[in-house]
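K.L.:
If it helps, the file is called run37.cif and holds mmCIF, C-alpha atoms and all ligand atoms:
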```
data_start
#
loop_
_atom_site.label_atom_id
_atom_site.label_comp_id
_atom_site.auth_asym_id
_atom_site.auth_seq_id
_atom_site.Cartn_x
_atom_site.Cartn_y
_atom_site.Cartn_z
CA LYS A 1 -55.28 -6.08 0.22
CA SER A 2 -52.23 -7.74 1.63
CA LYS A 3 -50.82 -7.66 -1.85
CA GLU A 4 -51.30 -3.90 -1.93
CA MET A 5 -49.63 -3.54 1.46
CA SER A 6 -46.59 -5.48 0.49
CA GLY A 7 -46.53 -3.45 -2.68
CA SER A 8 -46.42 -0.15 -0.85
CA TYR A 9 -43.98 -1.53 1.66
CA PHE A 10 -41.81 -2.59 -1.21
CA HIS A 11 -41.98 0.90 -2.69
CA PHE A 12 -41.05 2.43 0.62
CA PHE A 13 -38.25 -0.04 1.03
CA LYS A 14 -37.02 0.51 -2.49
CA SER A 15 -36.94 4.28 -2.16
CA GLU A 16 -35.30 4.28 1.25
CA MET A 17 -32.80 1.54 0.64
CA ASN A 18 -31.75 1.13 -2.90
CA ASN A 19 -29.74 -1.82 -4.09
CA ARG A 20 -26.50 -0.01 -3.59
CA ASN A 21 -27.27 0.44 0.09
CA LEU A 22 -28.27 -3.18 0.57
CA GLU A 23 -25.08 -4.21 -1.11
CA SER A 24 -22.97 -1.94 1.04
CA ILE A 25 -24.68 -3.17 4.23
CA TYR A 26 -23.94 -6.73 3.17
CA ILE A 27 -20.32 -5.85 2.37
CA GLU A 28 -19.87 -4.00 5.64
CA ASN A 29 -21.18 -6.98 7.61
CA SER A 30 -18.86 -9.34 5.84
CA LEU A 31 -15.90 -7.01 6.30
CA TYR A 32 -16.41 -7.31 10.07
CA LYS A 33 -15.99 -11.07 9.75
CA ALA A 34 -13.27 -11.11 7.12
CA LEU A 35 -10.26 -11.47 9.43
CA ASP A 36 -11.90 -14.22 11.51
CA LEU A 37 -12.88 -16.05 8.36
CA ASP A 38 -9.30 -15.82 7.11
CA GLU A 39 -10.43 -14.02 3.97
CA MET A 40 -7.66 -11.42 3.89
CA VAL A 41 -4.68 -12.24 1.70
CA ILE A 42 -1.47 -10.34 1.16
CA TYR A 43 -0.01 -10.26 -2.29
CA TYR A 44 3.57 -9.12 -2.74
CA GLN A 45 4.91 -7.05 -5.60
CA PRO A 46 8.68 -7.26 -6.05
CA GLN A 47 10.77 -4.11 -6.00
CA ILE A 48 13.52 -4.50 -8.53
CA ASP A 49 16.94 -3.06 -9.20
CA GLY A 50 16.38 -2.08 -12.83
CA ARG A 51 20.06 -2.50 -13.68
CA THR A 52 20.55 -6.02 -12.41
CA HIS A 53 16.90 -7.14 -12.33
CA ALA A 54 17.57 -8.43 -8.82
CA ILE A 55 14.84 -8.18 -6.22
CA THR A 56 15.52 -5.66 -3.47
CA GLY A 57 12.27 -5.94 -1.56
CA ALA A 58 8.52 -6.25 -1.86
CA GLU A 59 5.41 -4.20 -1.27
CA ALA A 60 2.60 -5.86 0.68
CA LEU A 61 -0.70 -5.31 -1.15
CA LEU A 62 -3.88 -6.46 0.54
CA ARG A 63 -6.70 -8.36 -1.13
CA TRP A 64 -9.99 -9.58 0.26
CA ASN A 65 -10.95 -13.05 -0.91
CA HIS A 66 -14.70 -12.87 -0.23
CA SER A 67 -16.50 -16.24 -0.16
CA LYS A 68 -19.30 -15.06 -2.48
CA LEU A 69 -17.90 -12.05 -4.31
CA GLY A 70 -14.43 -13.39 -5.05
CA MET A 71 -11.23 -11.34 -4.92
CA ILE A 72 -11.90 -7.71 -3.98
CA SER A 73 -9.38 -4.96 -4.68
CA PRO A 74 -8.13 -2.78 -1.81
CA VAL A 75 -9.37 0.35 -3.61
CA ASP A 76 -12.88 -1.07 -3.16
CA PHE A 77 -12.74 -1.91 0.55
CA ILE A 78 -10.01 0.19 2.21
CA PRO A 79 -12.30 3.28 2.25
CA LEU A 80 -15.01 1.22 4.01
CA ALA A 81 -12.43 -0.21 6.39
CA GLU A 82 -11.40 3.37 7.18
CA GLU A 83 -14.98 4.54 7.77
CA THR A 84 -15.83 1.64 10.05
CA GLY A 85 -12.52 1.69 11.93
CA LEU A 86 -11.86 -1.87 10.80
CA ILE A 87 -8.68 -0.59 9.19
CA ILE A 88 -7.07 -0.71 12.65
CA PRO A 89 -7.29 -4.50 13.19
CA ILE A 90 -6.89 -5.17 9.46
CA GLY A 91 -3.86 -2.89 9.19
CA LYS A 92 -2.27 -4.53 12.22
CA TRP A 93 -2.85 -7.92 10.63
CA VAL A 94 -1.17 -6.75 7.39
CA LEU A 95 1.81 -5.33 9.23
CA GLU A 96 2.32 -8.44 11.37
CA ASN A 97 1.93 -10.85 8.51
CA ALA A 98 4.06 -8.91 6.05
CA CYS A 99 6.80 -8.74 8.70
CA LYS A 100 6.48 -12.48 9.40
CA GLN A 101 6.86 -13.13 5.69
CA LEU A 102 9.93 -10.94 5.50
CA LYS A 103 11.44 -12.77 8.49
CA GLN A 104 10.81 -16.07 6.71
CA TRP A 105 12.58 -14.84 3.58
CA LYS A 106 15.50 -13.55 5.62
CA MET A 107 15.80 -16.89 7.38
CA ASP A 108 15.82 -18.52 3.95
CA GLY A 109 18.97 -16.50 3.23
CA HIS A 110 17.58 -13.39 1.52
CA ASP A 111 18.85 -10.95 4.05
CA GLN A 112 18.95 -7.95 1.70
CA LEU A 113 15.17 -7.72 1.31
CA THR A 114 12.97 -4.91 2.58
CA MET A 115 9.20 -4.91 3.11
CA SER A 116 6.98 -1.96 2.24
CA VAL A 117 3.65 -1.67 4.03
CA ASN A 118 0.94 0.89 3.22
CA LEU A 119 -0.64 2.74 6.11
CA SER A 120 -4.00 4.48 5.90
CA GLY A 121 -4.62 7.89 7.42
CA ARG A 122 -6.60 6.52 10.30
CA GLN A 123 -3.90 3.99 11.18
CA PHE A 124 -1.26 6.66 11.05
CA GLU A 125 -3.25 8.77 13.51
CA GLU A 126 -3.85 5.85 15.90
CA ALA A 127 -2.19 6.50 19.28
CA ASP A 128 -0.44 3.17 19.65
CA LEU A 129 0.77 2.78 16.08
CA VAL A 130 4.44 3.17 16.93
CA PRO A 131 4.45 0.80 19.96
CA MET A 132 2.55 -1.74 17.84
CA ILE A 133 5.18 -1.58 15.11
CA GLU A 134 7.97 -1.73 17.67
CA GLU A 135 6.50 -4.84 19.31
CA THR A 136 6.02 -6.54 15.96
CA LEU A 137 9.64 -5.92 14.94
CA GLU A 138 10.99 -6.94 18.33
CA SER A 139 9.03 -10.15 18.60
CA LEU A 140 10.33 -11.20 15.17
CA GLU A 141 13.84 -9.87 15.84
CA LEU A 142 13.64 -7.89 12.62
CA GLU A 143 15.98 -5.00 11.89
CA PRO A 144 13.65 -1.92 11.83
CA SER A 145 15.38 -0.42 8.77
CA CYS A 146 14.04 -3.24 6.61
CA LEU A 147 10.49 -2.06 7.20
CA HIS A 148 9.38 0.74 4.86
CA ILE A 149 6.17 2.49 5.82
CA GLU A 150 4.30 4.03 2.86
CA LEU A 151 2.28 7.17 3.44
CA THR A 152 0.65 9.51 0.94
CA GLU A 153 1.18 13.26 0.89
CA ASN A 154 -2.46 13.92 1.75
CA GLN A 155 -2.20 11.78 4.87
CA ILE A 156 0.76 13.61 6.28
CA VAL A 157 -0.36 17.14 5.50
CA ARG A 158 -3.79 16.46 7.06
CA ASN A 159 -2.42 17.15 10.50
CA THR A 160 1.11 18.33 10.01
CA LYS A 161 2.22 18.65 13.62
CA VAL A 162 0.99 15.21 14.63
CA ALA A 163 2.41 13.72 11.45
CA ILE A 164 5.89 15.13 12.05
CA GLU A 165 5.83 13.82 15.61
CA LYS A 166 4.72 10.34 14.47
CA MET A 167 7.37 10.23 11.78
CA LYS A 168 10.05 11.23 14.23
CA GLN A 169 9.00 8.37 16.49
CA LEU A 170 9.16 5.97 13.56
CA LYS A 171 12.58 7.28 12.56
CA LYS A 172 13.82 6.88 16.12
CA LEU A 173 12.71 3.30 15.96
CA GLY A 174 14.74 2.95 12.77
CA VAL A 175 11.84 2.34 10.38
CA LYS A 176 12.04 3.94 6.90
CA ILE A 177 9.36 6.23 5.51
CA SER A 178 8.28 6.46 1.87
CA ILE A 179 5.93 8.93 0.24
CA ASP A 180 3.58 6.93 -1.96
CA ASP A 181 2.00 8.27 -5.18
CA PHE A 182 4.39 11.21 -5.02
CA GLY A 183 3.36 14.16 -7.17
CA THR A 184 -0.39 13.59 -7.00
CA GLY A 185 -1.16 15.11 -3.60
CA TYR A 186 -2.46 18.59 -2.90
CA SER A 187 0.54 19.75 -0.99
CA SER A 188 3.41 22.13 -1.40
CA LEU A 189 6.96 20.89 -1.76
CA GLY A 190 7.88 22.73 1.41
CA TYR A 191 6.87 19.80 3.59
CA LEU A 192 9.78 17.80 2.19
CA LYS A 193 12.18 19.73 4.39
CA ASP A 194 10.13 19.27 7.56
CA PHE A 195 9.39 15.56 7.31
CA PRO A 196 12.04 12.93 8.04
CA LEU A 197 11.59 10.97 4.82
CA ASP A 198 13.66 8.28 3.14
CA THR A 199 12.03 7.57 -0.21
CA LEU A 200 9.84 9.18 -2.86
CA LYS A 201 7.73 6.81 -4.93
CA ILE A 202 6.94 8.41 -8.29
CA ASP A 203 3.26 7.91 -9.03
CA ARG A 204 2.29 5.47 -11.75
CA SER A 205 0.34 8.17 -13.63
CA PHE A 206 3.62 9.91 -14.57
CA ILE A 207 5.38 6.69 -15.58
CA MET A 208 2.51 5.51 -17.77
CA ASP A 209 3.30 7.85 -20.69
CA VAL A 210 6.81 8.84 -19.70
CA THR A 211 8.27 7.79 -23.05
CA GLU A 212 5.56 9.50 -25.17
CA ASN A 213 4.58 12.58 -23.22
CA ALA A 214 7.15 15.35 -22.76
CA ALA A 215 5.38 16.74 -19.69
CA ASP A 216 5.35 13.35 -17.94
CA ALA A 217 9.02 12.93 -18.81
CA ALA A 218 9.82 16.37 -17.39
CA ILE A 219 7.89 15.72 -14.17
CA THR A 220 9.46 12.30 -13.69
CA ASN A 221 12.91 13.68 -14.37
CA THR A 222 12.31 16.51 -11.90
CA ILE A 223 11.15 14.15 -9.14
CA ILE A 224 14.24 11.99 -9.63
CA THR A 225 16.52 15.05 -9.47
CA LEU A 226 14.62 16.39 -6.46
CA ALA A 227 15.09 13.10 -4.62
CA GLN A 228 18.78 13.02 -5.48
CA ASN A 229 19.32 16.59 -4.32
CA LEU A 230 17.46 15.97 -1.07
CA ASN A 231 19.41 12.77 -0.51
CA LEU A 232 16.30 10.62 -0.73
CA ASN A 233 15.83 7.30 -2.45
CA VAL A 234 13.49 7.19 -5.40
CA VAL A 235 11.29 4.34 -6.59
CA ALA A 236 9.28 4.33 -9.83
CA GLU A 237 5.84 2.75 -9.65
CA GLY A 238 3.95 1.15 -12.50
CA VAL A 239 6.79 0.31 -14.88
CA GLU A 240 5.18 -1.71 -17.65
CA THR A 241 7.57 -1.53 -20.61
CA ALA A 242 11.24 -1.96 -21.48
CA GLU A 243 11.19 1.64 -22.82
CA GLN A 244 10.04 3.00 -19.47
CA LEU A 245 12.73 0.96 -17.74
CA ALA A 246 15.38 2.35 -20.11
CA PHE A 247 14.17 5.91 -19.59
CA LEU A 248 14.33 5.56 -15.81
CA LEU A 249 17.80 4.02 -15.88
CA SER A 250 19.02 6.84 -18.13
CA LYS A 251 17.85 9.27 -15.41
CA ASP A 252 19.54 7.23 -12.68
CA CYS A 253 16.36 5.91 -11.10
CA ARG A 254 17.29 2.34 -10.29
CA THR A 255 14.59 0.95 -8.08
CA MET A 256 11.26 0.14 -9.64
CA GLN A 257 8.05 -1.75 -9.35
CA GLY A 258 5.64 -2.67 -12.07
CA PHE A 259 3.95 -5.22 -14.24
CA TYR A 260 6.99 -5.27 -16.55
CA PHE A 261 8.73 -7.24 -13.81
CA SER A 262 5.83 -8.70 -11.89
CA ARG A 263 2.27 -8.09 -10.80
CA PRO A 264 1.56 -8.44 -7.11
CA ILE A 265 1.61 -12.20 -6.50
CA GLU A 266 1.27 -14.64 -3.63
CA ALA A 267 4.32 -15.23 -1.46
CA ALA A 268 4.89 -18.73 -2.83
CA ALA A 269 4.85 -17.45 -6.41
CA LEU A 270 7.30 -14.68 -5.55
CA GLU A 271 9.60 -17.23 -3.94
CA GLU A 272 9.49 -19.41 -7.00
CA LYS A 273 10.19 -16.54 -9.37
CA TYR A 274 12.76 -14.55 -7.38
CA LEU A 275 14.00 -16.37 -4.30
CA SER A 276 15.83 -19.52 -5.16
CA LYS A 277 16.76 -21.33 -1.95
CA LYS A 278 20.14 -20.27 -0.72
P1 LIG B 1 -0.27 1.71 -3.94
O1 LIG B 1 0.29 1.55 -2.59
O2 LIG B 1 0.17 2.90 -4.72
O3 LIG B 1 0.09 0.36 -4.69
C1 LIG B 1 0.43 0.27 -6.04
C2 LIG B 1 -0.76 -0.19 -6.86
O4 LIG B 1 -0.41 -0.13 -8.23
C3 LIG B 1 -1.17 -1.64 -6.59
O5 LIG B 1 -2.57 -1.74 -6.74
C4 LIG B 1 -0.45 -2.38 -7.71
O6 LIG B 1 -1.06 -3.60 -8.05
C5 LIG B 1 -0.57 -1.40 -8.82
N1 LIG B 1 0.49 -1.56 -9.80
C6 LIG B 1 1.78 -1.89 -9.58
N2 LIG B 1 2.48 -1.93 -10.73
C7 LIG B 1 1.61 -1.63 -11.72
C8 LIG B 1 1.74 -1.51 -13.14
O7 LIG B 1 2.80 -1.71 -13.73
N3 LIG B 1 0.62 -1.19 -13.84
C9 LIG B 1 -0.58 -0.98 -13.21
N4 LIG B 1 -1.63 -0.68 -13.97
N5 LIG B 1 -0.73 -1.07 -11.87
C10 LIG B 1 0.36 -1.40 -11.13
P2 LIG B 1 -3.48 -2.48 -5.68
O8 LIG B 1 -2.80 -3.71 -5.17
O9 LIG B 1 -4.83 -2.61 -6.29
O10 LIG B 1 -3.55 -1.45 -4.49
C11 LIG B 1 -4.18 -0.21 -4.64
C12 LIG B 1 -3.98 0.67 -3.46
O11 LIG B 1 -4.65 0.14 -2.30
C13 LIG B 1 -2.53 0.81 -3.04
O12 LIG B 1 -1.89 1.73 -3.87
C14 LIG B 1 -2.69 1.30 -1.61
O13 LIG B 1 -2.95 2.68 -1.58
C15 LIG B 1 -3.94 0.57 -1.17
N6 LIG B 1 -3.55 -0.60 -0.35
C16 LIG B 1 -3.15 -1.82 -0.75
N7 LIG B 1 -2.87 -2.60 0.32
C17 LIG B 1 -3.07 -1.83 1.43
C18 LIG B 1 -2.96 -2.05 2.85
O14 LIG B 1 -2.55 -3.12 3.32
N8 LIG B 1 -3.29 -1.01 3.67
C19 LIG B 1 -3.70 0.20 3.17
N9 LIG B 1 -4.01 1.14 4.04
N10 LIG B 1 -3.82 0.44 1.86
C20 LIG B 1 -3.51 -0.57 0.99
MG MG B 2 2.07 1.73 -1.80
MG MG B 3 1.44 4.14 -5.17
MG MG B 4 6.66 -19.38 2.80
#
```
With the file now loaded, output its structure as structure tokens.
Ligand code: C2E
Ligand code: MG
Ligand code: MG
Ligand code: MG

P.N.:
Amino acid sequence: KSKEMSGSYFHFFKSEMNNRNLESIYIENSLYKALDLDEMVIYYQPQIDGRTHAITGAEALLRWNHSKLGMISPVDFIPLAEETGLIIPIGKWVLENACKQLKQWKMDGHDQLTMSVNLSGRQFEEADLVPMIEETLESLELEPSCLHIELTENQIVRNTKVAIEKMKQLKKLGVKISIDDFGTGYSSLGYLKDFPLDTLKIDRSFIMDVTENAADAAITNTIITLAQNLNLNVVAEGVETAEQLAFLLSKDCRTMQGFYFSRPIEAAALEEKYLSKK
């Protein structure tokens, strides 16, 4: 009889909570502990001047080094961090640590470098985002213009009025603003004249086939021209081949990021590859 009971309980349990749910409950619980357990790691992907191959800055890209599951990609846990609100402490941790790393590199003599940090929608809407950034920069005595905040189009058009206000505060502080994954959002181009932007980052999906696909080439070329005409900087994401690099240089897009130069790597590896002691 007890066997039967446990059997029916099991069936109930199985139908109500499938494996996926159990797994996500487990992951959610461990995400709560991740910062305390020191499981978050920032990788850095160099941003390169395609003409000289010199490093101009880096993008901070978060990874979660889970004790049982190994390295987890941000695409797999940022949405959960957003849902649970954990993105607020985690995002603060990323910002502080990326800025500390930049300060270290500047003190090592690499004063030209910038640091790009991705913000999620929820972080961007958080009331004390701007004071938090200001405090971080002040306590490290970092020049605000070396911090580049990356936002996506969808984030900023979600609540346009609030977004413009936030961006103005960031600009006043002296921080630079980049539009990430440019060209993939569901927004009109009109917002470009209302937002105080500094940089457009051409989405990797256009760069991928830029040398084989005429439409991708046309879109990429148009984004570069658009940026130039609006007096914005332009960065190409996801450059993987010498041909893509050559194409971009021929269109006067100088700054790029991609596996052709380097994958996102740990700070020490980036130092070894790009930052010889000065
Ligand atoms: P993203 O900001 O657009 O970052 C660029 C992504 O493209 C990175 O993926 C990077 O590893 C990848 N990538 C760069 N160059 C190449 C290339 O040549 N080929 C290919 N195939 N991929 C390339 P990653 O590190 O997995 O990050 C994915 C996304 O997760 C980021 O996209 C960003 O939206 C988000 N993310 C990462 N770190 C953070 C963070 O600290 N906070 C927030 N809110 N989001 C983050
Ligand atoms: Mg980014
Ligand atoms: Mg991107
Ligand atoms: Mg170091």

K.L.:
As a PDB file with C-alpha atoms, in the frame of the given file, please: the residues near Gly91 (chain A) (cut-off 9 Å, only C-alpha atoms, same-chain neighbours under 5 positions excluded).

P.N.:
```
ATOM      1  CA  LEU A  86     -11.860  -1.870  10.800  1.00  0.00           C
ATOM      2  CA  GLU A  96       2.320  -8.440  11.370  1.00  0.00           C
ATOM      3  CA  ASN A 118       0.940   0.890   3.220  1.00  0.00           C
ATOM      4  CA  LEU A 119      -0.640   2.740   6.110  1.00  0.00           C
ATOM      5  CA  SER A 120      -4.000   4.480   5.900  1.00  0.00           C
ATOM      6  CA  GLN A 123      -3.900   3.990  11.180  1.00  0.00           C
TER       7      GLN A 123
END
```

K.L.:
Considering only C-alpha atoms and all ligand atoms, can you say which of A:Asp108, A:Asp180, A:Glu135, A:Asp209 comes closest to ligand MG 3 (chain B)?

P.N.:
A:Asp180

K.L.:
Considering only C-alpha atoms and all ligand atoms, tabulate each residue of chain A that lies at most 7 Å from ligand MG 3 (chain B) along with its nearest interatomic pair and the corresponding distance in Å to one decimal; arrange the rows by chain and ascending residue number and present them as CSV.

P.N.:
```
residue,atom,partner,partner_atom,distance
A:Asp180,CA,B:MG3,MG,4.8
A:Asp181,CA,B:MG3,MG,4.2
A:Lys201,CA,B:MG3,MG,6.8
A:Asp203,CA,B:MG3,MG,5.7
A:Arg204,CA,B:MG3,MG,6.8
A:Glu237,CA,B:MG3,MG,6.4
```

K.L.:
Give the residue list for ligand MG 2 (chain B) at 12 Å, counting all atoms listed in the file, as number ranges by chain, sorted by chain and then by residue number.

P.N.:
A: 44-47, 58-62, 74-75, 115-120, 148-153, 177-182, 199-204, 235-238, 257-258, 264

K.L.:
Would you mind listing, for every residue of chain A within 8 Å of ligand MG 4 (chain B), the two atoms forming the shortest contact and the distance between them in Å to one decimal, using all atoms listed in the file, sorted by chain and ascending residue number, as a Markdown table?

P.N.:
```
| residue | atom | partner | partner_atom | distance |
| --- | --- | --- | --- | --- |
| A:Gln101 | CA | B:MG4 | MG | 6.9 |
| A:Gln104 | CA | B:MG4 | MG | 6.6 |
| A:Trp105 | CA | B:MG4 | MG | 7.5 |
| A:Ala267 | CA | B:MG4 | MG | 6.4 |
| A:Ala268 | CA | B:MG4 | MG | 5.9 |
| A:Glu271 | CA | B:MG4 | MG | 7.7 |
```

K.L.:
List the spatial neighbours of Glu28 (chain A) as a ChimeraX atom specification - criterion: any atom at most 12 Å away, all atoms listed in the file, same-chain residues fewer than 2 positions off excluded.

P.N.:
/A:21-26,30-34,66,76-86

K.L.:
Export, as a compact mmCIF listing (two decimals), in the frame of the given file, the selected residues with C-alpha atoms.

P.N.:
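See selection-v9.txt below for the written result:
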```txt
# COMPACT_ATOMS: atom_id res chain seq x y z
CA ASN A 21 -27.27 0.44 0.09
CA LEU A 22 -28.27 -3.18 0.57
CA GLU A 23 -25.08 -4.21 -1.11
CA SER A 24 -22.97 -1.94 1.04
CA ILE A 25 -24.68 -3.17 4.23
CA TYR A 26 -23.94 -6.73 3.17
CA SER A 30 -18.86 -9.34 5.84
CA LEU A 31 -15.90 -7.01 6.30
CA TYR A 32 -16.41 -7.31 10.07
CA LYS A 33 -15.99 -11.07 9.75
CA ALA A 34 -13.27 -11.11 7.12
CA HIS A 66 -14.70 -12.87 -0.23
CA ASP A 76 -12.88 -1.07 -3.16
CA PHE A 77 -12.74 -1.91 0.55
CA ILE A 78 -10.01 0.19 2.21
CA PRO A 79 -12.30 3.28 2.25
CA LEU A 80 -15.01 1.22 4.01
CA ALA A 81 -12.43 -0.21 6.39
CA GLU A 82 -11.40 3.37 7.18
CA GLU A 83 -14.98 4.54 7.77
CA THR A 84 -15.83 1.64 10.05
CA GLY A 85 -12.52 1.69 11.93
CA LEU A 86 -11.86 -1.87 10.80
```

K.L.:
I'd like to know which of A:Ser250, A:Asn231, A:Gln155, A:Asn221 is closest to ligand LIG 1 (chain B), using all atoms listed in the file.

P.N.:
A:Gln155

K.L.:
Using Å and a single decimal, report how far CA of Tyr191 (chain A) sits from CA of Lys172 (chain A).

P.N.:
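Those two atoms sit 19.3 Å apart.
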